[in-house]
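Here's final.txt, which has compact mmCIF, C-alpha atoms and all ligand atoms:
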# COMPACT_ATOMS: atom_id res chain seq x y z
CA MET T 1 87.12 136.27 103.00
CA ILE T 2 87.38 134.17 106.19
CA ARG T 3 88.96 130.70 106.26
CA HIS T 4 85.66 128.85 105.87
CA ASP T 5 84.78 130.76 102.71
CA LEU T 6 88.31 130.32 101.39
CA LEU T 7 88.14 126.57 101.96
CA LYS T 8 84.78 126.51 100.18
CA THR T 9 86.34 128.04 97.05
CA LEU T 10 89.14 125.44 97.23
CA ILE T 11 86.89 122.37 97.39
CA PRO T 12 86.75 121.84 93.60
CA VAL T 13 90.58 121.85 93.56
CA ILE T 14 91.31 119.74 96.64
CA SER T 15 88.35 117.38 96.89
CA ASP T 16 90.13 114.40 95.30
CA GLN T 17 93.65 115.34 96.44
CA LEU T 18 95.46 114.02 99.52
CA VAL T 19 95.02 116.74 102.13
CA VAL T 20 96.54 116.90 105.61
CA CYS T 21 94.54 119.49 107.50
CA ASN T 22 95.45 121.51 110.55
CA ILE T 23 93.97 120.96 114.02
CA GLY T 24 90.81 122.69 115.20
CA ALA T 25 88.65 125.00 113.13
CA PRO T 26 90.37 124.27 109.77
CA SER T 27 89.78 120.51 110.02
CA GLN T 28 86.26 121.02 111.38
CA GLU T 29 85.36 123.42 108.58
CA LEU T 30 86.84 121.17 105.89
CA HIS T 31 85.04 118.18 107.41
CA ALA T 32 81.72 120.07 107.36
CA LEU T 33 82.24 121.37 103.82
CA ASP T 34 83.48 118.22 102.08
CA ASP T 35 84.32 115.15 104.14
CA GLN T 36 86.52 112.86 102.03
CA PRO T 37 88.63 109.78 102.75
CA THR T 38 91.47 111.71 101.11
CA ASN T 39 91.38 114.17 104.03
CA PHE T 40 93.55 113.50 107.05
CA TYR T 41 92.11 115.50 109.93
CA MET T 42 94.41 116.35 112.79
CA LEU T 43 92.47 116.04 116.01
CA GLY T 44 95.38 117.19 118.17
CA THR T 45 99.07 118.16 118.03
CA MET T 46 99.17 121.83 117.01
CA GLY T 47 101.85 122.68 114.48
CA LEU T 48 102.48 119.37 112.77
CA ALA T 49 100.23 119.51 109.67
CA SER T 50 103.16 120.75 107.58
CA SER T 51 105.46 118.00 108.86
CA ILE T 52 102.91 115.17 108.55
CA GLY T 53 102.10 116.16 104.98
CA PHE T 54 105.79 116.44 104.17
CA GLY T 55 106.49 112.97 105.60
CA LEU T 56 103.65 111.65 103.45
CA ALA T 57 105.13 113.31 100.36
CA LEU T 58 108.52 111.76 101.15
CA ALA T 59 107.02 108.28 101.43
CA GLN T 60 104.96 108.10 98.23
CA ASN T 61 104.49 109.85 94.88
CA LYS T 62 100.94 111.24 94.87
CA PRO T 63 100.55 114.98 95.35
CA VAL T 64 100.04 116.04 98.97
CA ILE T 65 98.56 119.33 100.15
CA SER T 66 99.13 120.36 103.75
CA ILE T 67 96.66 123.00 104.85
CA ASP T 68 98.28 124.73 107.79
CA GLY T 69 97.65 127.99 109.61
CA ASP T 70 99.83 130.96 110.42
CA GLY T 71 99.75 130.33 114.16
CA SER T 72 100.50 126.63 113.71
CA VAL T 73 103.37 127.27 111.31
CA LEU T 74 104.83 129.72 113.81
CA THR T 75 104.82 126.99 116.45
CA ASN T 76 106.81 124.63 114.16
CA LEU T 77 108.72 127.18 112.11
CA ALA T 78 111.88 125.09 111.80
CA THR T 79 110.08 122.48 109.70
CA LEU T 80 110.23 125.01 106.84
CA SER T 81 114.00 124.41 106.78
CA THR T 82 113.49 120.65 106.68
CA ILE T 83 111.08 121.17 103.78
CA GLY T 84 113.35 123.67 102.02
CA ASN T 85 116.38 121.41 102.22
CA ASN T 86 114.64 118.22 101.05
CA PRO T 87 112.38 119.42 98.22
CA GLN T 88 109.63 117.02 97.18
CA ASP T 89 107.87 118.06 94.01
CA ASN T 90 104.67 116.28 95.06
CA TYR T 91 104.33 118.57 98.09
CA ILE T 92 102.33 121.78 98.45
CA LEU T 93 102.13 123.68 101.70
CA LEU T 94 99.13 126.00 101.82
CA ILE T 95 99.36 128.36 104.78
CA VAL T 96 96.01 129.98 105.50
CA ASP T 97 97.29 133.20 107.00
CA ASN T 98 94.49 135.04 108.73
CA GLY T 99 96.85 136.71 111.19
CA SER T 100 95.17 135.08 114.15
CA TYR T 101 94.84 131.97 116.26
CA GLY T 102 91.41 131.20 114.85
CA SER T 103 90.58 128.11 116.89
CA THR T 104 91.24 129.76 120.22
CA GLY T 105 89.34 133.03 119.87
CA ASP T 106 91.11 134.97 117.12
CA GLN T 107 93.98 136.25 119.22
CA PRO T 108 96.50 137.97 116.92
CA THR T 109 99.60 136.09 115.70
CA TYR T 110 102.94 137.67 114.85
CA ALA T 111 102.30 136.69 111.22
CA GLY T 112 99.57 139.33 111.28
CA GLY T 113 102.19 141.76 112.56
CA LYS T 114 105.74 142.21 111.31
CA THR T 115 106.55 138.57 110.46
CA SER T 116 106.27 137.44 106.84
CA LEU T 117 105.84 133.67 106.60
CA ALA T 118 106.57 133.85 102.86
CA ALA T 119 109.91 135.51 103.59
CA VAL T 120 110.65 132.94 106.30
CA ALA T 121 109.86 130.07 103.91
CA SER T 122 112.15 131.57 101.27
CA ALA T 123 114.90 132.14 103.82
CA CYS T 124 114.54 128.50 104.88
CA GLY T 125 115.37 127.40 101.34
CA CYS T 126 111.90 126.84 99.86
CA GLU T 127 112.22 127.78 96.20
CA ASN T 128 108.67 128.36 94.99
CA VAL T 129 106.95 130.59 97.51
CA VAL T 130 103.96 132.72 96.61
CA GLU T 131 101.91 135.06 98.74
CA VAL T 132 98.41 135.54 97.38
CA SER T 133 95.10 137.04 98.37
CA ASP T 134 92.17 134.86 99.33
CA GLU T 135 90.53 135.39 95.91
CA GLU T 136 93.73 134.35 94.13
CA THR T 137 94.22 131.19 96.16
CA PRO T 138 92.27 128.60 94.07
CA GLU T 139 94.19 129.60 90.93
CA ALA T 140 97.50 129.60 92.82
CA LEU T 141 96.78 126.10 94.11
CA LYS T 142 95.80 124.86 90.64
CA ALA T 143 98.99 126.35 89.23
CA ALA T 144 101.08 124.72 91.98
CA LEU T 145 99.54 121.30 91.25
CA ALA T 146 100.10 121.75 87.52
CA SER T 147 103.70 122.90 87.99
CA LYS T 148 104.72 119.65 89.72
CA LYS T 149 107.17 121.73 91.74
CA MET T 150 107.18 121.89 95.51
CA THR T 151 105.34 125.10 96.36
CA VAL T 152 104.56 127.08 99.48
CA ILE T 153 101.45 129.25 99.19
CA VAL T 154 100.74 131.87 101.82
CA SER T 155 97.09 132.83 101.46
CA LYS T 156 96.23 136.10 103.19
CA CYS T 157 92.64 136.10 104.39
CA ASP T 158 90.43 137.53 107.10
CA SER T 159 90.19 136.37 110.67
CA GLY T 160 87.02 134.58 111.75
CA ASN T 161 85.30 131.24 112.10
CA VAL T 162 81.89 129.75 111.43
CA GLN T 163 80.08 127.44 113.82
CA VAL T 164 80.67 123.83 112.73
CA PRO T 165 80.55 120.63 114.79
CA VAL T 166 83.67 119.01 116.23
CA ILE T 167 84.82 115.91 114.36
CA LYS T 168 83.54 112.79 116.08
CA THR T 169 85.07 110.29 113.64
CA ASN T 170 87.29 107.74 115.37
CA PRO T 171 90.99 108.53 114.72
CA ILE T 172 91.66 104.98 113.52
CA THR T 173 88.83 105.35 111.01
CA ILE T 174 90.33 108.64 109.78
CA ARG T 175 93.74 106.95 109.55
CA ASP T 176 92.59 103.75 107.84
CA ARG T 177 90.38 105.32 105.21
CA PHE T 178 93.11 107.86 104.46
CA MET T 179 95.75 105.13 104.10
CA ASP T 180 93.42 103.20 101.78
CA ALA T 181 92.96 106.37 99.70
CA VAL T 182 96.75 106.83 99.51
CA GLN T 183 97.18 103.28 98.21
CA SER T 184 94.21 103.27 95.80
CA MET P 1 133.88 106.59 113.61
CA ALA P 2 131.23 103.88 113.39
CA LYS P 3 131.67 100.56 115.18
CA ASP P 4 130.28 97.08 114.56
CA ILE P 5 127.50 97.78 117.07
CA ASP P 6 126.34 100.74 114.95
CA ARG P 7 126.30 98.59 111.80
CA ARG P 8 124.46 95.82 113.64
CA ILE P 9 121.77 98.20 114.92
CA ILE P 10 121.17 99.73 111.49
CA GLY P 11 121.18 96.23 109.98
CA ASP P 12 118.41 95.23 112.38
CA PHE P 13 116.34 98.27 111.36
CA VAL P 14 116.82 97.38 107.68
CA ASP P 15 115.93 93.73 108.29
CA ASN P 16 112.75 94.85 110.05
CA GLY P 17 111.71 96.83 106.99
CA VAL P 18 112.26 100.30 108.40
CA ASP P 19 112.63 102.56 105.36
CA PHE P 20 112.44 106.05 106.90
CA VAL P 21 114.37 107.49 109.82
CA THR P 22 114.41 110.98 111.19
CA SER P 23 116.94 112.02 113.79
CA VAL P 24 118.05 114.76 116.09
CA PRO P 25 121.68 113.98 116.87
CA CYS P 26 123.37 112.97 120.11
CA LYS P 27 127.07 112.24 120.63
CA GLN P 28 126.22 108.66 121.61
CA LEU P 29 124.25 108.21 118.37
CA ALA P 30 126.92 109.65 116.06
CA GLY P 31 128.02 106.19 114.90
CA VAL P 32 124.53 104.90 114.06
CA ILE P 33 123.73 108.16 112.26
CA GLU P 34 126.95 107.81 110.26
CA VAL P 35 125.96 104.26 109.20
CA LEU P 36 122.41 105.42 108.53
CA ASP P 37 123.70 107.88 105.94
CA GLN P 38 125.54 105.01 104.20
CA THR P 39 122.39 102.84 104.08
CA PRO P 40 120.42 103.22 100.83
CA ALA P 41 117.51 101.09 102.12
CA ILE P 42 116.61 103.81 104.63
CA LYS P 43 115.73 107.39 103.76
CA HIS P 44 117.20 109.62 106.45
CA VAL P 45 115.70 113.09 106.85
CA PRO P 46 117.06 114.92 109.90
CA SER P 47 114.59 117.06 111.82
CA ASN P 48 115.14 120.14 113.94
CA LYS P 49 113.10 119.05 116.92
CA GLU P 50 111.72 115.68 117.89
CA ASP P 51 108.03 116.62 117.75
CA GLU P 52 108.57 117.76 114.16
CA GLY P 53 110.35 114.45 113.56
CA MET P 54 107.37 112.50 114.87
CA GLY P 55 105.16 114.46 112.47
CA LEU P 56 107.40 113.35 109.59
CA CYS P 57 107.22 109.77 110.88
CA ALA P 58 103.42 109.87 111.10
CA GLY P 59 103.24 111.12 107.51
CA ALA P 60 105.66 108.45 106.30
CA TYR P 61 103.51 105.79 107.97
CA LEU P 62 100.33 107.15 106.35
CA GLY P 63 102.16 106.87 103.03
CA GLY P 64 102.82 103.16 103.55
CA GLY P 65 106.33 103.57 104.93
CA ARG P 66 107.85 102.16 108.10
CA PRO P 67 109.38 105.01 110.13
CA ALA P 68 111.62 105.23 113.17
CA ILE P 69 113.14 108.11 115.14
CA PHE P 70 116.61 108.42 116.68
CA MET P 71 116.82 110.96 119.48
CA GLN P 72 118.15 111.82 122.92
CA ASN P 73 116.21 111.15 126.14
CA THR P 74 116.10 114.90 126.90
CA ALA P 75 113.66 115.13 123.97
CA LEU P 76 111.03 113.31 126.01
CA GLY P 77 110.51 116.74 127.55
CA VAL P 78 109.48 117.94 124.08
CA VAL P 79 107.34 115.14 122.69
CA VAL P 80 104.81 114.17 125.37
CA ASN P 81 101.88 115.85 123.60
CA THR P 82 102.91 114.50 120.19
CA LEU P 83 103.25 110.96 121.53
CA ALA P 84 99.82 111.11 123.18
CA THR P 85 97.76 113.00 120.57
CA LEU P 86 99.38 111.82 117.34
CA ILE P 87 101.44 108.63 117.66
CA GLN P 88 99.26 106.92 120.27
CA PHE P 89 95.88 108.43 119.34
CA TYR P 90 96.23 107.32 115.68
CA GLN P 91 98.04 104.08 116.68
CA ILE P 92 101.21 104.59 114.69
CA PRO P 93 104.00 102.07 115.28
CA LEU P 94 107.17 104.00 116.08
CA PRO P 95 110.46 102.57 117.32
CA MET P 96 112.39 105.28 119.17
CA LEU P 97 116.13 104.62 119.44
CA ILE P 98 117.01 106.83 122.36
CA SER P 99 120.39 107.87 123.63
CA TYR P 100 120.01 107.58 127.41
CA ARG P 101 122.19 110.41 128.62
CA GLY P 102 122.74 111.06 132.30
CA GLU P 103 123.42 107.47 133.37
CA VAL P 104 126.67 106.15 134.97
CA GLY P 105 129.62 107.32 132.88
CA GLU P 106 127.94 110.63 131.99
CA PRO P 107 130.37 113.57 132.09
CA VAL P 108 127.73 116.36 132.06
CA ALA P 109 125.88 116.84 135.36
CA CYS P 110 122.89 118.56 133.78
CA GLN P 111 122.13 115.45 131.72
CA VAL P 112 121.35 113.59 134.94
CA GLU P 113 118.35 115.83 135.52
CA MET P 114 116.38 114.49 132.52
CA ALA P 115 117.75 110.97 133.07
CA LEU P 116 115.85 111.02 136.37
CA HIS P 117 112.59 111.73 134.52
CA THR P 118 113.17 109.48 131.50
CA LYS P 119 111.62 106.20 132.65
CA ALA P 120 108.95 108.01 134.67
CA ILE P 121 107.72 109.85 131.56
CA LEU P 122 107.77 106.66 129.48
CA ASN P 123 105.93 104.78 132.23
CA GLN P 124 103.37 107.56 132.56
CA LEU P 125 102.71 107.34 128.81
CA HIS P 126 102.46 103.51 128.93
CA ILE P 127 105.22 103.18 126.36
CA PRO P 128 106.93 99.77 126.17
CA THR P 129 110.50 100.53 127.27
CA TYR P 130 113.72 98.53 126.89
CA HIS P 131 117.04 99.52 128.41
CA PHE P 132 120.28 98.47 126.70
CA HIS P 133 123.05 98.51 129.33
CA ARG P 134 125.26 95.53 128.38
CA PRO P 135 126.45 94.94 124.80
CA GLU P 136 124.50 91.66 124.57
CA ASP P 137 121.23 93.54 125.26
CA VAL P 138 121.27 94.46 121.56
CA GLU P 139 120.21 90.87 120.82
CA GLU P 140 116.68 91.95 121.78
CA LEU P 141 116.47 94.62 119.09
CA PRO P 142 114.90 92.55 116.26
CA GLY P 143 112.20 91.35 118.65
CA ILE P 144 111.53 94.87 119.91
CA LEU P 145 111.17 96.21 116.36
CA ASN P 146 108.68 93.43 115.54
CA HIS P 147 106.83 94.16 118.78
CA ALA P 148 106.33 97.83 117.82
CA GLN P 149 104.72 96.81 114.54
CA MET P 150 102.65 94.06 116.14
CA CYS P 151 101.06 96.35 118.74
CA SER P 152 101.09 99.60 116.64
CA LYS P 153 102.66 101.56 119.47
CA PRO P 154 105.66 103.76 120.05
CA VAL P 155 108.39 101.77 121.81
CA ALA P 156 111.47 103.19 123.52
CA ILE P 157 114.93 101.63 123.27
CA LEU P 158 117.10 103.39 125.85
CA THR P 159 120.82 103.02 125.16
CA ASP P 160 123.07 104.20 127.97
CA ALA P 161 126.75 105.22 128.26
CA THR P 162 127.88 101.80 129.49
CA PHE P 163 126.25 100.15 126.47
CA TRP P 164 127.97 102.44 124.00
CA ARG P 165 131.33 102.30 125.85
CA THR P 166 131.51 98.53 126.13
CA ALA P 167 129.95 97.47 122.84
CA THR P 168 132.46 96.95 120.05
MG MG G 201 95.44 131.61 111.81
Could I get this structure in the form of structure tokens?
Ligand SMILES: [Mg+2]
Amino acid sequence: MIRHDLLKTLIPVISDQLVVCNIGAPSQELHALDDQPTNFYMLGTMGLASSIGFGLALAQNKPVISIDGDGSVLTNLATLSTIGNNPQDNYILLIVDNGSYGSTGDQPTYAGGKTSLAAVASACGCENVVEVSDEETPEALKAALASKKMTVIVSKCDSGNVQVPVIKTNPITIRDRFMDAVQS
Amino acid sequence: MAKDIDRRIIGDFVDNGVDFVTSVPCKQLAGVIEVLDQTPAIKHVPSNKEDEGMGLCAGAYLGGGRPAIFMQNTALGVVVNTLATLIQFYQIPLPMLISYRGEVGEPVACQVEMALHTKAILNQLHIPTYHFHRPEDVEELPGILNHAQMCSKPVAILTDATFWRTAT
């Protein structure tokens, strides 16, 4: 299953949750599948979806799901140690690991090679780390939400994108409607 | 060992309503970081790199918090993209308390290299910039913190070696 199809299976689970979504294809696909005020789309700044979602989880009590990618996590790997050392039970990091830089032409990442992001997350001090297949991901995410324990999910899926439009929504609109959703 | 200046600076952040600070340490900021960790009104979560820290700050702001970052001027070489595409693009107010290494009194020659680029980078990014050189310059801090919130921009507070050496 490619990321778009994985996200599609997750919509019933994440539609009304606070989601911070990674730059490029992931945000564009989520936006096309199910645009919600509870989605914070990153329009730039590769690598920070994990950190932004974690900051949000630190600042308030609602559950937060960061949807990050393998390539993006690799570019900000050290944030896993910040997350591991300051556990927030309202935080879930979902790493869509398709072993490639999907937004830039599916060049391979090292996570598709010898590097295990699940092992890195565990080594960084994250306590509930699960690596699952694409088919298992919706159940894993439901279980993580129900557990009320900070969880890192590494979802192994196939490389590939679908054609969806770029997000034209003004960043301040994305920000304001998201902040209203956080407070509501 | 923290000094009165460190307590005053943290007090100004508390009075402004700042409730979240991330930091990457610098020798010149050791005192303020020490006081920060004794200040229950502010949650302090150290970060590994300043662009990561700005991600945490952006998230804290989205959650209704009031973040700030403490860092060294050398980090401006790390955060240009994050300032432009996250903090400025989404208009997130962000006071940056910056240790201005490489100014007069600096013992490490290499620090001068990024000092030469510090104000140029901040100017290029159109970031309101304030330079604390004399101890009394700290009197501007409450106004600067209000200004960041008023205009929803990152603002830079550069604190140099003379400031830290002469302030008590
Ligand atoms: Mg990928």
Show me, as a ChimeraX atom specification, every residue of chain P with an atom at most 7 Å from chain T, counting all atoms listed in the file. /P:47-48,52,55-60,62-65,81-82,85-86,89-90
Could you pull the residues within 12 Å of T:Ala144, counting only C-alpha atoms, minus those fewer than 4 positions along the same chain, as a tab-separated table (two decimals) with C-alpha atoms, keeping the file's coordinate frame?
chain	number	residue	atom	x	y	z
T	13	VAL	CA	90.58	121.85	93.56
T	14	ILE	CA	91.31	119.74	96.64
T	63	PRO	CA	100.55	114.98	95.35
T	64	VAL	CA	100.04	116.04	98.97
T	65	ILE	CA	98.56	119.33	100.15
T	89	ASP	CA	107.87	118.06	94.01
T	90	ASN	CA	104.67	116.28	95.06
T	91	TYR	CA	104.33	118.57	98.09
T	92	ILE	CA	102.33	121.78	98.45
T	93	LEU	CA	102.13	123.68	101.70
T	94	LEU	CA	99.13	126.00	101.82
T	128	ASN	CA	108.67	128.36	94.99
T	129	VAL	CA	106.95	130.59	97.51
T	130	VAL	CA	103.96	132.72	96.61
T	137	THR	CA	94.22	131.19	96.16
T	138	PRO	CA	92.27	128.60	94.07
T	139	GLU	CA	94.19	129.60	90.93
T	140	ALA	CA	97.50	129.60	92.82
T	148	LYS	CA	104.72	119.65	89.72
T	149	LYS	CA	107.17	121.73	91.74
T	150	MET	CA	107.18	121.89	95.51
T	151	THR	CA	105.34	125.10	96.36
T	152	VAL	CA	104.56	127.08	99.48
T	153	ILE	CA	101.45	129.25	99.19
List all protein, DNA and RNA residues that have any atom at most 12 Å from ligand MG 201 (chain G), counting all atoms listed in the file, and write the list as a ChimeraX atom specification. /T:2-4,22-26,46-47,67-75,95-112,117,154-161
Please measure the separation of atom CA of P:Gly53 and atom CA of P:Thr22, giving the value in Å to one decimal.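 Computing it gives 5.8 Å between the two atoms.
Using only C-alpha atoms, the residues found no farther than 10 Å from P:Pro135, other than those of its own chain fewer than 4 positions away, are Ile5, Glu139, Thr159, Thr162, Phe163, Trp164, Arg165, Thr166, Ala167 and Thr168 of chain P.
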Near-P:Asn146 list (10 Å; all atoms listed in the file; drop same-chain fewer than 2 positions) as a PDB file with C-alpha atoms, in the frame of the given file:
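Full text of part.pdb as output:
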ATOM      1  CA  PHE P  13     116.340  98.270 111.360  1.00  0.00           C
ATOM      2  CA  ASN P  16     112.750  94.850 110.050  1.00  0.00           C
ATOM      3  CA  GLY P  17     111.710  96.830 106.990  1.00  0.00           C
ATOM      4  CA  PRO P  93     104.000 102.070 115.280  1.00  0.00           C
ATOM      5  CA  PRO P  95     110.460 102.570 117.320  1.00  0.00           C
ATOM      6  CA  LEU P 141     116.470  94.620 119.090  1.00  0.00           C
ATOM      7  CA  PRO P 142     114.900  92.550 116.260  1.00  0.00           C
ATOM      8  CA  GLY P 143     112.200  91.350 118.650  1.00  0.00           C
ATOM      9  CA  ILE P 144     111.530  94.870 119.910  1.00  0.00           C
ATOM     10  CA  ALA P 148     106.330  97.830 117.820  1.00  0.00           C
ATOM     11  CA  GLN P 149     104.720  96.810 114.540  1.00  0.00           C
ATOM     12  CA  MET P 150     102.650  94.060 116.140  1.00  0.00           C
ATOM     13  CA  CYS P 151     101.060  96.350 118.740  1.00  0.00           C
ATOM     14  CA  SER P 152     101.090  99.600 116.640  1.00  0.00           C
TER      15      SER P 152
END
I'd like the neighbourhood of stretch 35-41 of chain P as a ChimeraX atom specification, where a residue qualifies if any of its atoms comes within 9 Å (using all atoms listed in the file), though same-chain residues fewer than 4 positions away should be ignored. /P:2,6-7,10-11,14,17-21,30-31
Generate a file of the selected residues that holds C-alpha atoms, formatted as a tab-separated table (two decimals), in the coordinates of the input.
chain	number	residue	atom	x	y	z
P	2	ALA	CA	131.23	103.88	113.39
P	6	ASP	CA	126.34	100.74	114.95
P	7	ARG	CA	126.30	98.59	111.80
P	10	ILE	CA	121.17	99.73	111.49
P	11	GLY	CA	121.18	96.23	109.98
P	14	VAL	CA	116.82	97.38	107.68
P	17	GLY	CA	111.71	96.83	106.99
P	18	VAL	CA	112.26	100.30	108.40
P	19	ASP	CA	112.63	102.56	105.36
P	20	PHE	CA	112.44	106.05	106.90
P	21	VAL	CA	114.37	107.49	109.82
P	30	ALA	CA	126.92	109.65	116.06
P	31	GLY	CA	128.02	106.19	114.90
So which one's closest to T:Ser66, T:Val132, T:Ala123, T:Val19, T:Ala146? Using only C-alpha atoms, please.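 Closest candidate: T:Val19.
Counting all atoms listed in the file, the residue from P:Val78, P:Ile42, P:Met71, P:Ile98 that sits nearest to P:Val24 is P:Met71.
When only C-alpha atoms are used to compute distances to T:His31, the closest of the residues T:Ser15, T:Ser133, T:Ser184, T:Ser147 turns out to be T:Ser15.
The space separating atom CA of T:Gln17 from atom CA of T:Asn39 comes to 8.0 Å.
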For the point (111.6, 116.4, 125.7) in file coordinates, what residues are within 10 Å, counting all atoms listed in the file? Give the answer as a PyMOL selection string? chain P and resi 49-51+71-81+114+118+121
Export of the given selection (C-alpha atoms) as a compact mmCIF listing (two decimals), in the frame of the given file:
# COMPACT_ATOMS: atom_id res chain seq x y z
CA LYS P 49 113.10 119.05 116.92
CA GLU P 50 111.72 115.68 117.89
CA ASP P 51 108.03 116.62 117.75
CA MET P 71 116.82 110.96 119.48
CA GLN P 72 118.15 111.82 122.92
CA ASN P 73 116.21 111.15 126.14
CA THR P 74 116.10 114.90 126.90
CA ALA P 75 113.66 115.13 123.97
CA LEU P 76 111.03 113.31 126.01
CA GLY P 77 110.51 116.74 127.55
CA VAL P 78 109.48 117.94 124.08
CA VAL P 79 107.34 115.14 122.69
CA VAL P 80 104.81 114.17 125.37
CA ASN P 81 101.88 115.85 123.60
CA MET P 114 116.38 114.49 132.52
CA THR P 118 113.17 109.48 131.50
CA ILE P 121 107.72 109.85 131.56
Provide stretch 107-119 of chain T rebuilt to N, CA, C and O atoms, formatted as a short mmCIF file (atom, residue, chain, number, x, y, z; two decimals), in the frame of the given file.
data_model
loop_
_atom_site.label_atom_id
_atom_site.label_comp_id
_atom_site.auth_asym_id
_atom_site.auth_seq_id
_atom_site.Cartn_x
_atom_site.Cartn_y
_atom_site.Cartn_z
N GLN T 107 92.90 135.41 118.69
CA GLN T 107 93.98 136.25 119.22
C GLN T 107 94.99 136.48 118.09
O GLN T 107 95.23 135.59 117.27
N PRO T 108 95.59 137.69 118.03
CA PRO T 108 96.50 137.97 116.92
C PRO T 108 97.78 137.13 116.97
O PRO T 108 98.28 136.82 118.05
N THR T 109 98.29 136.75 115.79
CA THR T 109 99.60 136.09 115.70
C THR T 109 100.62 137.12 115.21
O THR T 109 100.25 138.16 114.65
N TYR T 110 101.89 136.79 115.35
CA TYR T 110 102.94 137.67 114.85
C TYR T 110 102.96 137.69 113.32
O TYR T 110 103.51 138.62 112.73
N ALA T 111 102.37 136.67 112.69
CA ALA T 111 102.30 136.69 111.22
C ALA T 111 101.37 137.81 110.75
O ALA T 111 101.48 138.28 109.63
N GLY T 112 100.43 138.19 111.60
CA GLY T 112 99.57 139.33 111.28
C GLY T 112 100.25 140.66 111.61
O GLY T 112 99.71 141.72 111.33
N GLY T 113 101.42 140.58 112.24
CA GLY T 113 102.19 141.76 112.56
C GLY T 113 103.35 141.94 111.60
O GLY T 113 103.15 142.03 110.40
N LYS T 114 104.57 141.89 112.14
CA LYS T 114 105.74 142.21 111.31
C LYS T 114 106.36 141.00 110.63
O LYS T 114 107.27 141.14 109.82
N THR T 115 105.90 139.78 110.98
CA THR T 115 106.55 138.57 110.46
C THR T 115 105.91 138.13 109.15
O THR T 115 104.69 137.96 109.07
N SER T 116 106.75 137.94 108.13
CA SER T 116 106.27 137.44 106.84
C SER T 116 106.60 135.96 106.72
O SER T 116 107.78 135.59 106.63
N LEU T 117 105.58 135.11 106.72
CA LEU T 117 105.84 133.67 106.60
C LEU T 117 106.40 133.32 105.22
O LEU T 117 107.18 132.38 105.09
N ALA T 118 106.01 134.09 104.21
CA ALA T 118 106.57 133.85 102.86
C ALA T 118 108.07 134.12 102.87
O ALA T 118 108.86 133.35 102.31
N ALA T 119 108.47 135.20 103.52
CA ALA T 119 109.91 135.51 103.59
C ALA T 119 110.65 134.47 104.42
O ALA T 119 111.77 134.08 104.07
#
